[in-house]
Amino acid sequence: MINLLALLLTAQTHPLAEIDTIVRDGIGAGVYPGAVVVVGTADAVLLAKGYGRLTWTGGSGVPSPDSTLYDLASLTKVVATTPAIMLLIDRGLVDLDRPVRDYLAGFKGEGKDAVTVRHLLSHTSGLRAFLPLNTLADDAEDARELVMSEPLRWRPGTRVEYSDLNAMLVGWIVEAVSRTPLDEFVRDELHVPLGMNQTRFNLPRSARSRAAPINVWHGQPIRGVIHDQNAARLNGVAGHAGLYSTGRELALFAQMQLRRGTLGDGVSLVRPETVDAFTRPGQGRRALGWAMNDTTSSDDTGTLLSPQAYGHGGFTGTSIWIDPSQNVFVILLTNRVYAPRTRRSITRLKAVRGRLADAALRLKERSCGLLRALEGAARC
């Protein structure tokens, strides 16, 4: 087995040095105290590295791509909820174009009989973006009832409005159809088969010491307690947020996506046609669950990823972008919500992501060029 990183280090190291500079620039600008970067292809991880510290204190640990658990925030939508519904579609248990009310009888209100599962996934349901469930609801049952009864703001299919409520509803469809809690379904049917054994909702106390801090309380870092208060009101398991994972385990997921639903041993987890259908651009540059690359802006995705690239970000400072046409993925995990030392940290983080995406593609091209030169094959 050829060690790609060793080859790169003994050859020209410009893309690796560029990535180091980009990520450390973000630390120096006060955007985040530390980060994990993983770059790879369908068959290889080209870079998996931690930078900086878990907090702004010099003595805190260095983030690890193998063991540091990040609160993924909205990456939950695409690493748990979206692939869960894909599995049920493959099994003939969910139809994208059937009304949501066929699966969730409590989803009632004027015009809601026209809202389909596809509308939820494409964020064209007509529901508003957000409800402060943590202040409006006393418990998870009340929170669910508020979402179910929330009136439509627009006619379904007429407007793209990115909404956490949509993802919550998709998660509840998964539970209703599978007759299994969302966290158990994605663990047993998706994450364990992928080898993502550390990925989970509701970290046990024994794992919280490995979580990147997301806040400060009386001068002490808060670890392993979910940042999204609506997900917390839903007992930590929700379709829109709540999942924790590591950089290495997210790479396993990205590689499955690049293989169009196939595991490393050749076993099909999701049908290729389903992966294609969910990652095809639609209204407002959105796919189903995923966002598509906005080639008019360098924020988040730089200038080199193709129009076919798809990805997602999370409020806590996480992101994943996958480019099937160029066979590359780039993952950036930060805890930028932990005491940022700059204003507009999310805007500055998007700029870091864009620069990183370009450097990741250059790294991929260089590594593939080395393989072709050494092995005489058109790999990558």
# chains A, B, ... in the order shown; residues from 1 in each chain; ligands from 1
$ residues_around --residues "His119 in chain A" --least-positions-apart "6" --cutoff "9 Å" --atoms "only C-alpha atoms" --output "count of residues only"
8
$ residues_around --residues "range 356-370 of chain A" --least-positions-apart "6" --cutoff "6 Å" --atoms "only C-alpha atoms" --output "list of chain:residue names"
A:Pro15, A:Thr301, A:Gly302, A:Leu304, A:Cys380
$ closest_atom_pairs --of "range 295-352 of chain A" --to "range 204-226 of chain A" --cutoff "9 Å" --atoms "only C-alpha atoms" --output "CSV"
residue,atom,partner,partner_atom,distance
A:Thr316,CA,A:Ile214,CA,7.4
A:Thr334,CA,A:Ala212,CA,8.1
A:Asn335,CA,A:Ile214,CA,6.0
A:Arg336,CA,A:Ile214,CA,7.8
A:Val337,CA,A:Ile214,CA,5.7
A:Tyr338,CA,A:Ile214,CA,4.6
A:Ala339,CA,A:Asn215,CA,6.7
$ closest_residue --among "A:Pro340, A:Gly247, A:Gly239, A:Gly26" --to "Ile320 in chain A" --atoms "only C-alpha atoms"
A:Gly247
$ atom_distance --atom1 "CA of Leu252 in chain A" --atom2 "CA of Asp276 in chain A"
18.2 Å
$ residues_around --residues "range 59-65 of chain A" --least-positions-apart "5" --cutoff "8 Å" --atoms "only C-alpha atoms" --output "VMD selection string"
chain A and resid 34 to 38 48 to 54 212 246 to 248
$ write_last_selection --atoms "C-alpha atoms" --output "short mmCIF file (atom, residue, chain, number, x, y, z; two decimals), in the first residue's frame"
data_model
loop_
_atom_site.label_atom_id
_atom_site.label_comp_id
_atom_site.auth_asym_id
_atom_site.auth_seq_id
_atom_site.Cartn_x
_atom_site.Cartn_y
_atom_site.Cartn_z
CA GLY A 34 -8.70 24.84 16.55
CA ALA A 35 -9.85 22.68 13.67
CA VAL A 36 -9.77 19.29 12.01
CA VAL A 37 -9.33 18.98 8.25
CA VAL A 38 -9.87 15.80 6.25
CA ALA A 48 -6.37 14.11 8.16
CA LYS A 49 -4.94 16.66 10.56
CA GLY A 50 -5.75 18.64 13.68
CA TYR A 51 -4.74 22.28 14.18
CA GLY A 52 -4.58 24.68 17.10
CA ARG A 53 -6.26 23.90 20.40
CA LEU A 54 -9.71 22.91 21.63
CA ALA A 212 -14.81 20.03 21.29
CA THR A 246 -15.16 12.80 14.19
CA GLY A 247 -13.35 13.89 11.05
CA ARG A 248 -12.27 10.34 10.19
#
$ residues_around --residues "Ala140 in chain A" --least-positions-apart "6" --cutoff "12 Å" --atoms "only C-alpha atoms" --output "PyMOL selection string"
chain A and resi 133-134+146-147+168+229-238
$ select_by_dssp --residues "range 182-300 of chain A" --states "strand (DSSP E)" --output "list in words"
Arg200, Phe201, Asn215, Val216, Trp217, Gln220, Pro221, Ile222, Leu243, Tyr244, Ser245, Ala291 and Met292 of chain A
$ write_last_selection --atoms "N, CA and C atoms" --output "tab-separated table (two decimals), in the first residue's frame"
chain	number	residue	atom	x	y	z
A	200	ARG	N	-22.83	9.56	16.99
A	200	ARG	CA	-24.07	9.30	17.72
A	200	ARG	C	-24.70	10.61	18.19
A	201	PHE	N	-25.98	10.50	18.56
A	201	PHE	CA	-26.67	11.55	19.28
A	201	PHE	C	-26.41	11.34	20.78
A	215	ASN	N	-19.14	26.13	24.38
A	215	ASN	CA	-19.54	27.32	25.14
A	215	ASN	C	-18.71	27.38	26.42
A	216	VAL	N	-18.94	28.44	27.18
A	216	VAL	CA	-18.24	28.63	28.46
A	216	VAL	C	-19.26	28.92	29.54
A	217	TRP	N	-19.11	28.31	30.69
A	217	TRP	CA	-19.99	28.57	31.82
A	217	TRP	C	-19.14	28.80	33.06
A	220	GLN	N	-15.60	27.90	32.64
A	220	GLN	CA	-15.25	26.52	32.31
A	220	GLN	C	-15.84	26.12	30.97
A	221	PRO	N	-15.05	25.43	30.12
A	221	PRO	CA	-15.57	24.98	28.83
A	221	PRO	C	-16.70	23.97	29.00
A	222	ILE	N	-17.73	24.11	28.19
A	222	ILE	CA	-18.85	23.16	28.17
A	222	ILE	C	-18.60	22.18	27.03
A	243	LEU	N	-26.30	15.53	16.18
A	243	LEU	CA	-25.34	14.46	15.94
A	243	LEU	C	-23.91	14.91	16.26
A	244	TYR	N	-23.12	13.99	16.80
A	244	TYR	CA	-21.69	14.20	17.02
A	244	TYR	C	-20.92	13.20	16.17
A	245	SER	N	-19.74	13.62	15.69
A	245	SER	CA	-18.88	12.69	14.95
A	245	SER	C	-17.46	13.22	14.92
A	291	ALA	N	-27.14	21.19	-0.11
A	291	ALA	CA	-26.98	22.42	-0.87
A	291	ALA	C	-26.04	22.14	-2.04
A	292	MET	N	-26.28	22.76	-3.16
A	292	MET	CA	-25.40	22.63	-4.31
A	292	MET	C	-24.41	23.79	-4.34
